[in-house]
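Quick look at entry.pdb (PDB, C-alpha atoms):
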ATOM      1  CA  MET A   1     -26.498 -13.821  12.306  1.00  0.00           C
ATOM      2  CA  ALA A   2     -25.749 -10.182  11.632  1.00  0.00           C
ATOM      3  CA  TRP A   3     -23.093  -7.852  13.008  1.00  0.00           C
ATOM      4  CA  ILE A   4     -22.474  -4.142  12.571  1.00  0.00           C
ATOM      5  CA  LEU A   5     -18.887  -2.928  12.659  1.00  0.00           C
ATOM      6  CA  ARG A   6     -18.943   0.444  14.439  1.00  0.00           C
ATOM      7  CA  LEU A   7     -16.002   2.857  14.489  1.00  0.00           C
ATOM      8  CA  VAL A   8     -15.686   4.903  17.683  1.00  0.00           C
ATOM      9  CA  LYS A   9     -12.971   7.488  18.260  1.00  0.00           C
ATOM     10  CA  ILE A  10     -11.521   7.436  21.764  1.00  0.00           C
ATOM     11  CA  GLY A  11      -9.807  10.233  23.639  1.00  0.00           C
ATOM     12  CA  ALA A  12     -11.929  12.965  22.036  1.00  0.00           C
ATOM     13  CA  GLU A  13     -13.602  15.771  23.976  1.00  0.00           C
ATOM     14  CA  GLY A  14     -17.372  15.990  23.934  1.00  0.00           C
ATOM     15  CA  ASP A  15     -19.897  13.598  22.496  1.00  0.00           C
ATOM     16  CA  VAL A  16     -18.413  12.061  19.361  1.00  0.00           C
ATOM     17  CA  PRO A  17     -20.940   9.963  17.417  1.00  0.00           C
ATOM     18  CA  ALA A  18     -19.992   6.472  16.352  1.00  0.00           C
ATOM     19  CA  GLN A  19     -19.830   5.645  12.664  1.00  0.00           C
ATOM     20  CA  ASP A  20     -21.277   2.421  11.303  1.00  0.00           C
ATOM     21  CA  VAL A  21     -18.788   1.048   8.805  1.00  0.00           C
ATOM     22  CA  MET A  22     -20.363  -2.141   7.499  1.00  0.00           C
ATOM     23  CA  GLU A  23     -23.038  -4.694   8.260  1.00  0.00           C
ATOM     24  CA  ILE A  24     -21.918  -8.312   8.121  1.00  0.00           C
ATOM     25  CA  ASP A  25     -24.433 -11.092   7.655  1.00  0.00           C
ATOM     26  CA  ARG A  26     -23.248 -14.696   7.966  1.00  0.00           C
ATOM     27  CA  PRO A  27     -25.085 -18.015   8.516  1.00  0.00           C
ATOM     28  CA  ASP A  28     -25.535 -19.074  12.157  1.00  0.00           C
ATOM     29  CA  ASP A  29     -24.662 -22.718  11.546  1.00  0.00           C
ATOM     30  CA  LEU A  30     -21.627 -24.588  10.268  1.00  0.00           C
ATOM     31  CA  GLY A  31     -23.341 -27.015   7.928  1.00  0.00           C
ATOM     32  CA  ASP A  32     -21.106 -25.777   5.124  1.00  0.00           C
ATOM     33  CA  ILE A  33     -17.425 -25.140   5.821  1.00  0.00           C
ATOM     34  CA  SER A  34     -17.463 -22.279   3.295  1.00  0.00           C
ATOM     35  CA  ASP A  35     -19.672 -20.339   5.766  1.00  0.00           C
ATOM     36  CA  LEU A  36     -16.950 -20.367   8.419  1.00  0.00           C
ATOM     37  CA  GLY A  37     -15.907 -16.813   9.267  1.00  0.00           C
ATOM     38  CA  LEU A  38     -15.546 -13.997   6.770  1.00  0.00           C
ATOM     39  CA  THR A  39     -15.054 -14.486   3.054  1.00  0.00           C
ATOM     40  CA  LEU A  40     -12.315 -12.797   1.075  1.00  0.00           C
ATOM     41  CA  SER A  41     -14.780 -10.491  -0.691  1.00  0.00           C
ATOM     42  CA  GLU A  42     -16.334  -9.433   2.636  1.00  0.00           C
ATOM     43  CA  THR A  43     -12.908  -8.788   4.117  1.00  0.00           C
ATOM     44  CA  LYS A  44     -11.869  -6.634   1.151  1.00  0.00           C
ATOM     45  CA  ARG A  45     -15.057  -4.564   1.384  1.00  0.00           C
ATOM     46  CA  LEU A  46     -14.590  -4.243   5.141  1.00  0.00           C
ATOM     47  CA  LEU A  47     -10.994  -3.030   4.815  1.00  0.00           C
ATOM     48  CA  ALA A  48     -11.928  -0.555   2.086  1.00  0.00           C
ATOM     49  CA  ALA A  49     -14.835   0.880   4.104  1.00  0.00           C
ATOM     50  CA  LEU A  50     -12.733   1.124   7.250  1.00  0.00           C
ATOM     51  CA  GLN A  51      -9.950   2.868   5.321  1.00  0.00           C
ATOM     52  CA  GLN A  52     -12.405   5.409   3.914  1.00  0.00           C
ATOM     53  CA  GLU A  53     -13.796   6.290   7.351  1.00  0.00           C
ATOM     54  CA  ILE A  54     -10.394   6.676   9.012  1.00  0.00           C
ATOM     55  CA  VAL A  55      -9.086   8.846   6.165  1.00  0.00           C
ATOM     56  CA  ALA A  56     -12.211  11.044   6.342  1.00  0.00           C
ATOM     57  CA  VAL A  57     -11.623  11.702  10.042  1.00  0.00           C
ATOM     58  CA  GLN A  58      -7.939  12.477   9.441  1.00  0.00           C
ATOM     59  CA  VAL A  59      -8.827  14.949   6.679  1.00  0.00           C
ATOM     60  CA  ARG A  60     -11.408  16.772   8.838  1.00  0.00           C
ATOM     61  CA  GLN A  61      -8.941  17.156  11.696  1.00  0.00           C
ATOM     62  CA  HIS A  62      -6.177  18.331   9.370  1.00  0.00           C
ATOM     63  CA  ALA A  63      -8.434  20.948   7.753  1.00  0.00           C
ATOM     64  CA  ALA A  64      -9.207  22.448  11.171  1.00  0.00           C
ATOM     65  CA  ARG A  65      -5.562  23.348  11.753  1.00  0.00           C
ATOM     66  CA  ARG A  66      -4.136  26.762  10.914  1.00  0.00           C
ATOM     67  CA  PRO A  67      -0.422  26.727  10.064  1.00  0.00           C
ATOM     68  CA  ILE A  68       1.994  29.576  10.647  1.00  0.00           C
ATOM     69  CA  CYS A  69       3.329  31.436   7.599  1.00  0.00           C
ATOM     70  CA  SER A  70       6.909  30.421   6.855  1.00  0.00           C
ATOM     71  CA  ARG A  71       7.667  33.946   5.556  1.00  0.00           C
ATOM     72  CA  CYS A  72       6.349  36.340   8.186  1.00  0.00           C
ATOM     73  CA  GLY A  73       5.192  34.085  11.022  1.00  0.00           C
ATOM     74  CA  ASP A  74       1.583  35.257  10.948  1.00  0.00           C
ATOM     75  CA  ALA A  75      -1.450  32.959  11.055  1.00  0.00           C
ATOM     76  CA  CYS A  76      -2.865  31.519   7.831  1.00  0.00           C
ATOM     77  CA  ARG A  77      -6.448  30.984   6.754  1.00  0.00           C
ATOM     78  CA  VAL A  78      -7.984  28.551   4.286  1.00  0.00           C
ATOM     79  CA  LYS A  79      -7.628  29.651   0.653  1.00  0.00           C
ATOM     80  CA  ASP A  80      -9.165  26.689  -1.180  1.00  0.00           C
ATOM     81  CA  TYR A  81      -9.253  22.914  -1.315  1.00  0.00           C
ATOM     82  CA  ARG A  82      -7.577  20.469  -3.664  1.00  0.00           C
ATOM     83  CA  GLU A  83      -8.594  16.858  -4.145  1.00  0.00           C
ATOM     84  CA  HIS A  84      -5.904  14.172  -4.245  1.00  0.00           C
ATOM     85  CA  VAL A  85      -6.653  10.591  -5.279  1.00  0.00           C
ATOM     86  CA  VAL A  86      -4.287   8.305  -3.386  1.00  0.00           C
ATOM     87  CA  ALA A  87      -3.954   4.543  -3.778  1.00  0.00           C
ATOM     88  CA  THR A  88      -3.493   2.678  -0.507  1.00  0.00           C
ATOM     89  CA  LEU A  89      -3.111  -0.998   0.271  1.00  0.00           C
ATOM     90  CA  PHE A  90      -6.711  -1.093   1.475  1.00  0.00           C
ATOM     91  CA  GLY A  91      -8.377   0.815  -1.335  1.00  0.00           C
ATOM     92  CA  GLN A  92      -8.234   4.078  -3.232  1.00  0.00           C
ATOM     93  CA  VAL A  93      -9.199   7.190  -1.267  1.00  0.00           C
ATOM     94  CA  THR A  94      -9.941  10.770  -2.283  1.00  0.00           C
ATOM     95  CA  VAL A  95      -8.357  13.282   0.084  1.00  0.00           C
ATOM     96  CA  ARG A  96      -9.704  16.858   0.055  1.00  0.00           C
ATOM     97  CA  LEU A  97      -6.810  18.863   1.436  1.00  0.00           C
ATOM     98  CA  PRO A  98      -6.829  22.620   2.152  1.00  0.00           C
ATOM     99  CA  ARG A  99      -4.360  25.220   0.956  1.00  0.00           C
ATOM    100  CA  PHE A 100      -3.723  28.223   3.169  1.00  0.00           C
ATOM    101  CA  ARG A 101      -3.067  31.930   2.552  1.00  0.00           C
ATOM    102  CA  CYS A 102      -1.289  34.195   5.002  1.00  0.00           C
ATOM    103  CA  ALA A 103      -3.528  37.047   6.162  1.00  0.00           C
ATOM    104  CA  ALA A 104      -0.563  39.431   6.481  1.00  0.00           C
ATOM    105  CA  CYS A 105       1.758  38.887   3.501  1.00  0.00           C
ATOM    106  CA  GLY A 106      -0.521  36.862   1.188  1.00  0.00           C
ATOM    107  CA  GLY A 107       1.879  33.910   0.970  1.00  0.00           C
ATOM    108  CA  ILE A 108       0.546  30.466   0.129  1.00  0.00           C
ATOM    109  CA  GLU A 109       1.166  27.531   2.424  1.00  0.00           C
ATOM    110  CA  ALA A 110       0.456  23.947   1.388  1.00  0.00           C
ATOM    111  CA  GLY A 111      -1.671  21.793   3.627  1.00  0.00           C
ATOM    112  CA  VAL A 112       0.808  18.910   3.453  1.00  0.00           C
ATOM    113  CA  ASP A 113       4.381  18.519   2.283  1.00  0.00           C
ATOM    114  CA  TRP A 114       3.610  15.608  -0.050  1.00  0.00           C
ATOM    115  CA  PRO A 115       5.341  15.613  -3.431  1.00  0.00           C
ATOM    116  CA  PRO A 116       2.933  16.808  -6.148  1.00  0.00           C
ATOM    117  CA  TYR A 117       3.299  13.498  -8.022  1.00  0.00           C
ATOM    118  CA  CYS A 118       2.489  11.368  -4.948  1.00  0.00           C
ATOM    119  CA  ARG A 119      -0.403   9.091  -5.900  1.00  0.00           C
ATOM    120  CA  ALA A 120       0.266   6.043  -3.704  1.00  0.00           C
ATOM    121  CA  THR A 121       1.264   5.386  -0.116  1.00  0.00           C
ATOM    122  CA  PRO A 122       4.840   4.185   0.533  1.00  0.00           C
ATOM    123  CA  GLU A 123       3.499   0.918   1.983  1.00  0.00           C
ATOM    124  CA  LEU A 124       1.723   0.027  -1.261  1.00  0.00           C
ATOM    125  CA  VAL A 125       4.730   0.999  -3.390  1.00  0.00           C
ATOM    126  CA  ARG A 126       7.093  -1.106  -1.261  1.00  0.00           C
ATOM    127  CA  LEU A 127       4.812  -4.145  -1.504  1.00  0.00           C
ATOM    128  CA  GLN A 128       4.550  -3.754  -5.287  1.00  0.00           C
ATOM    129  CA  ALA A 129       8.340  -3.558  -5.552  1.00  0.00           C
ATOM    130  CA  HIS A 130       8.771  -6.620  -3.334  1.00  0.00           C
ATOM    131  CA  LEU A 131       6.326  -8.691  -5.401  1.00  0.00           C
ATOM    132  CA  SER A 132       7.979  -7.510  -8.612  1.00  0.00           C
ATOM    133  CA  ALA A 133      11.302  -8.832  -7.314  1.00  0.00           C
ATOM    134  CA  VAL A 134       9.964 -12.388  -7.048  1.00  0.00           C
ATOM    135  CA  MET A 135       7.544 -12.494  -9.993  1.00  0.00           C
ATOM    136  CA  THR A 136       6.684 -10.635 -13.180  1.00  0.00           C
ATOM    137  CA  TYR A 137       4.572  -7.492 -13.161  1.00  0.00           C
ATOM    138  CA  ARG A 138       1.325  -9.035 -14.383  1.00  0.00           C
ATOM    139  CA  PRO A 139       1.169 -11.822 -11.731  1.00  0.00           C
ATOM    140  CA  ALA A 140       2.164  -9.271  -9.089  1.00  0.00           C
ATOM    141  CA  ALA A 141      -0.727  -7.005 -10.069  1.00  0.00           C
ATOM    142  CA  ASP A 142      -3.101  -9.966 -10.155  1.00  0.00           C
ATOM    143  CA  LEU A 143      -1.980 -11.071  -6.668  1.00  0.00           C
ATOM    144  CA  LEU A 144      -2.657  -7.608  -5.256  1.00  0.00           C
ATOM    145  CA  LYS A 145      -6.066  -7.595  -6.942  1.00  0.00           C
ATOM    146  CA  GLN A 146      -6.977 -10.988  -5.482  1.00  0.00           C
ATOM    147  CA  LEU A 147      -5.897 -10.348  -1.892  1.00  0.00           C
ATOM    148  CA  PHE A 148      -6.380  -6.630  -1.286  1.00  0.00           C
ATOM    149  CA  PRO A 149      -9.021  -4.026  -2.210  1.00  0.00           C
ATOM    150  CA  VAL A 150      -6.470  -2.193  -4.361  1.00  0.00           C
ATOM    151  CA  ASN A 151      -8.384  -0.549  -7.205  1.00  0.00           C
ATOM    152  CA  ALA A 152      -5.567   1.676  -8.457  1.00  0.00           C
ATOM    153  CA  ALA A 153      -2.863  -0.904  -9.099  1.00  0.00           C
ATOM    154  CA  LYS A 154      -4.609  -3.591 -11.130  1.00  0.00           C
ATOM    155  CA  HIS A 155      -2.657  -2.814 -14.283  1.00  0.00           C
ATOM    156  CA  PRO A 156       0.829  -4.348 -14.491  1.00  0.00           C
ATOM    157  CA  GLU A 157       2.204  -1.073 -15.881  1.00  0.00           C
ATOM    158  CA  THR A 158       1.357   0.624 -12.579  1.00  0.00           C
ATOM    159  CA  VAL A 159       3.252  -2.041 -10.656  1.00  0.00           C
ATOM    160  CA  ARG A 160       6.169  -1.738 -13.064  1.00  0.00           C
ATOM    161  CA  ARG A 161       6.318   2.043 -12.708  1.00  0.00           C
ATOM    162  CA  HIS A 162       6.287   1.920  -8.908  1.00  0.00           C
ATOM    163  CA  ALA A 163       8.879  -0.866  -8.811  1.00  0.00           C
ATOM    164  CA  LEU A 164      11.243   1.095 -11.066  1.00  0.00           C
ATOM    165  CA  LYS A 165      10.752   4.167  -8.885  1.00  0.00           C
ATOM    166  CA  VAL A 166      11.826   2.206  -5.822  1.00  0.00           C
ATOM    167  CA  GLY A 167      14.811   0.855  -7.760  1.00  0.00           C
ATOM    168  CA  GLU A 168      15.900   4.365  -8.722  1.00  0.00           C
ATOM    169  CA  ALA A 169      15.662   5.462  -5.087  1.00  0.00           C
ATOM    170  CA  LEU A 170      17.826   2.521  -4.017  1.00  0.00           C
ATOM    171  CA  LEU A 171      20.428   3.393  -6.655  1.00  0.00           C
ATOM    172  CA  GLU A 172      20.552   6.968  -5.384  1.00  0.00           C
ATOM    173  CA  CYS A 173      21.073   5.735  -1.824  1.00  0.00           C
ATOM    174  CA  ALA A 174      23.816   3.370  -2.983  1.00  0.00           C
ATOM    175  CA  ALA A 175      25.568   6.232  -4.771  1.00  0.00           C
ATOM    176  CA  ILE A 176      25.531   8.299  -1.596  1.00  0.00           C
ATOM    177  CA  THR A 177      26.606   5.512   0.762  1.00  0.00           C
ATOM    178  CA  PRO A 178      28.338   2.822  -1.303  1.00  0.00           C
ATOM    179  CA  GLY A 179      28.318  -0.601   0.267  1.00  0.00           C
ATOM    180  CA  THR A 180      31.212  -2.988   0.729  1.00  0.00           C
ATOM    181  CA  MET A 181      31.824  -5.116  -2.331  1.00  0.00           C
ATOM    182  CA  ALA A 182      32.136  -8.863  -1.862  1.00  0.00           C
ATOM    183  CA  PRO A 183      35.799  -9.968  -2.207  1.00  0.00           C
ATOM    184  CA  ALA A 184      34.815 -13.067  -4.191  1.00  0.00           C
ATOM    185  CA  VAL A 185      31.928 -15.108  -5.474  1.00  0.00           C
ATOM    186  CA  VAL A 186      31.545 -18.652  -4.170  1.00  0.00           C
ATOM    187  CA  VAL A 187      30.038 -21.125  -6.628  1.00  0.00           C
ATOM    188  CA  THR A 188      28.622 -24.421  -5.362  1.00  0.00           C
ATOM    189  CA  LEU A 189      27.614 -27.466  -7.413  1.00  0.00           C
ATOM    190  CA  ASP A 190      24.842 -29.928  -6.748  1.00  0.00           C
ATOM    191  CA  SER A 191      23.132 -32.604  -8.796  1.00  0.00           C
ATOM    192  CA  THR A 192      19.756 -34.216  -9.171  1.00  0.00           C
ATOM    193  CA  PHE A 193      18.382 -37.272 -10.960  1.00  0.00           C
ATOM    194  CA  ILE A 194      15.690 -37.112 -13.627  1.00  0.00           C
ATOM    195  CA  ARG A 195      13.536 -40.188 -12.996  1.00  0.00           C
ATOM    196  CA  SER A 196      10.657 -39.548 -15.404  1.00  0.00           C
ATOM    197  CA  CYS A 197      12.048 -41.868 -18.113  1.00  0.00           C
ATOM    198  CA  GLU A 198      10.511 -45.112 -19.364  1.00  0.00           C
ATOM    199  CA  ASP A 199      11.454 -48.542 -18.065  1.00  0.00           C
ATOM    200  CA  GLY A 200      14.750 -49.775 -19.459  1.00  0.00           C
ATOM    201  CA  GLU A 201      15.995 -46.292 -20.288  1.00  0.00           C
ATOM    202  CA  ARG A 202      18.944 -44.705 -18.584  1.00  0.00           C
ATOM    203  CA  HIS A 203      18.395 -42.318 -15.705  1.00  0.00           C
ATOM    204  CA  LEU A 204      19.974 -38.918 -16.274  1.00  0.00           C
ATOM    205  CA  GLU A 205      21.920 -36.881 -13.762  1.00  0.00           C
ATOM    206  CA  GLU A 206      21.745 -33.094 -14.138  1.00  0.00           C
ATOM    207  CA  PRO A 207      24.320 -30.869 -12.389  1.00  0.00           C
ATOM    208  CA  ILE A 208      23.023 -27.638 -10.930  1.00  0.00           C
ATOM    209  CA  ALA A 209      25.209 -24.652 -10.053  1.00  0.00           C
ATOM    210  CA  SER A 210      24.363 -21.888  -7.639  1.00  0.00           C
ATOM    211  CA  ALA A 211      26.334 -18.782  -6.814  1.00  0.00           C
ATOM    212  CA  VAL A 212      26.549 -17.339  -3.306  1.00  0.00           C
ATOM    213  CA  SER A 213      28.481 -14.151  -2.715  1.00  0.00           C
TER     214      SER A 213
END

Rewrite the structure of this file - the entire thing - as structure tokens.
Amino acid sequence: MAWILRLVKIGAEGDVPAQDVMEIDRPDDLGDISDLGLTLSETKRLLAALQQEIVAVQVRQHAARRPICSRCGDACRVKDYREHVVATLFGQVTVRLPRFRCAACGGIEAGVDWPPYCRATPELVRLQAHLSAVMTYRPAADLLKQLFPVNAAKHPETVRRHALKVGEALLECAAITPGTMAPAVVVTLDSTFIRSCEDGERHLEEPIASAVS
């Protein structure tokens, strides 16, 4: 069986053509359980293709706008275009964004107010920081590579850099609005038995301590 995933924009004026995103071909029987539904590789390609199409539509609509000059209030016109490569959770996209020039005073207006060093979406950066909090950078990068079509964050150094950036932002927020310090630290003790010894040997008991603030 074959399916075609078609992207159709709703709420638009006029005849807007649909865009075919991806053709999916799967067996029409369930003789093999591995043929059930979509595979991980198909899902990653589907998400990446869908992300590309949605971003392309957003860029076209943004380029059609004409901002007002922040200096004199006159209308601006397109000066040139700049390409930005941005890593998202569902694949890397290239965004061709316009820059504008005021027709009256010649001032330059940026198409977006993104920071010039912005190369990843906040969602991807937050997920990288969360994974880095529970595992090392290399397994975190490998997990993202296995589950998502992320082609800009495969290297553990990228994950490390984004995680440290989030940590710095949290430290700045804590400096502005300091939290309430815990009055004390509560330490609890537990124990477990090690039973992997040979017959006739003594079972060992290992105490384990955990701290809860």

Pairwise distance for atom CA of Glu83 of chain A and atom CA of Leu97 of chain A, rounded to one decimal in Å |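 Interatomic distance, atom CA of Glu83 of chain A to atom CA of Leu97 of chain A: 6.2 Å.
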
Evaluate the PyMOL selection byres ((chain A and resi 92) around 10) and report residues as a CSV table (one decimal) with C-alpha atoms, in the coordinates of the input:
chain,number,residue,atom,x,y,z
A,48,ALA,CA,-11.9,-0.6,2.1
A,51,GLN,CA,-10.0,2.9,5.3
A,52,GLN,CA,-12.4,5.4,3.9
A,85,VAL,CA,-6.7,10.6,-5.3
A,86,VAL,CA,-4.3,8.3,-3.4
A,87,ALA,CA,-4.0,4.5,-3.8
A,88,THR,CA,-3.5,2.7,-0.5
A,89,LEU,CA,-3.1,-1.0,0.3
A,90,PHE,CA,-6.7,-1.1,1.5
A,91,GLY,CA,-8.4,0.8,-1.3
A,93,VAL,CA,-9.2,7.2,-1.3
A,94,THR,CA,-9.9,10.8,-2.3
A,95,VAL,CA,-8.4,13.3,0.1
A,119,ARG,CA,-0.4,9.1,-5.9
A,120,ALA,CA,0.3,6.0,-3.7
A,149,PRO,CA,-9.0,-4.0,-2.2
A,150,VAL,CA,-6.5,-2.2,-4.4
A,151,ASN,CA,-8.4,-0.5,-7.2
A,152,ALA,CA,-5.6,1.7,-8.5
A,153,ALA,CA,-2.9,-0.9,-9.1

Identify which of the residues A:Leu46, A:Ala141, A:Ala56, A:Ala2 lies closest to Asp28 of chain A, counting only C-alpha atoms when measuring atom-to-atom distances.
->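 The closest residue to Asp28 of chain A is A:Ala2.
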
Atom CA of Tyr137 of chain A sits from atom CA of Glu157 of chain A at a separation of 7.4 Å

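Across A:Gln146, A:Ala163, A:Gly111, A:Pro67, the tightest approach to Val134 of chain A is made by A:Ala163 when counting only C-alpha atoms.
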
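Each of A:Ile33, A:Cys105, A:Val125, A:Leu38 was compared to Ala75 of chain A using all atoms listed in the file, and A:Cys105 turns out to be the nearest.
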
May I ask for the distance between atom CA of Ala110 of chain A and atom CA of Pro122 of chain A, given in Å to one decimal place?
-> 20.3 Å

A:Gly106, A:Gln128, A:Arg96, A:Lys79: which is nearest Val55 of chain A, counting all atoms listed in the file?
->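 With all atoms listed in the file as the atom set, the closest residue is A:Arg96.
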
Report as a ChimeraX atom specification the residues that result from applying the PyMOL selection byres ((chain A and resi 72) around 10) to the structure here.
-> /A:68-71,73-75,102,104-107

List as an mmCIF file with C-alpha atoms, in the coordinates of the input the protein and nucleic acid residues near Trp3 of chain A, meaning an atom at most 8 Å away when all atoms listed in the file are counted, but skip any in the same chain fewer than 3 places from it.
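So selection-v9.cif came out as:
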data_model
loop_
_atom_site.group_PDB
_atom_site.id
_atom_site.type_symbol
_atom_site.label_atom_id
_atom_site.label_comp_id
_atom_site.auth_asym_id
_atom_site.auth_seq_id
_atom_site.Cartn_x
_atom_site.Cartn_y
_atom_site.Cartn_z
ATOM 1 C CA GLU A 23 -23.038 -4.694 8.260
ATOM 2 C CA ILE A 24 -21.918 -8.312 8.121
ATOM 3 C CA ASP A 25 -24.433 -11.092 7.655
#

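This file, filtered with the PyMOL selection byres ((chain A and resi 6) around 7), gives the residues A:Ile4, A:Leu5, A:Leu7, A:Val8, A:Ala18, A:Gln19, A:Asp20, A:Val21.
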
Close residues, His130 of chain A itself excluded, 12 Å, only C-alpha atoms, min 3 positions apart in chain, as a PyMOL selection string | chain A and resi 123-127+133-137+140-141+144+159-160+162-164+166-167

Find, counting all atoms listed in the file, the residue in A:Gly31, A:Arg66, A:Ala169, A:Ala129 that gets nearest to Glu109 of chain A.
->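 Checking each candidate against Glu109 of chain A, we get A:Arg66 as the closest.
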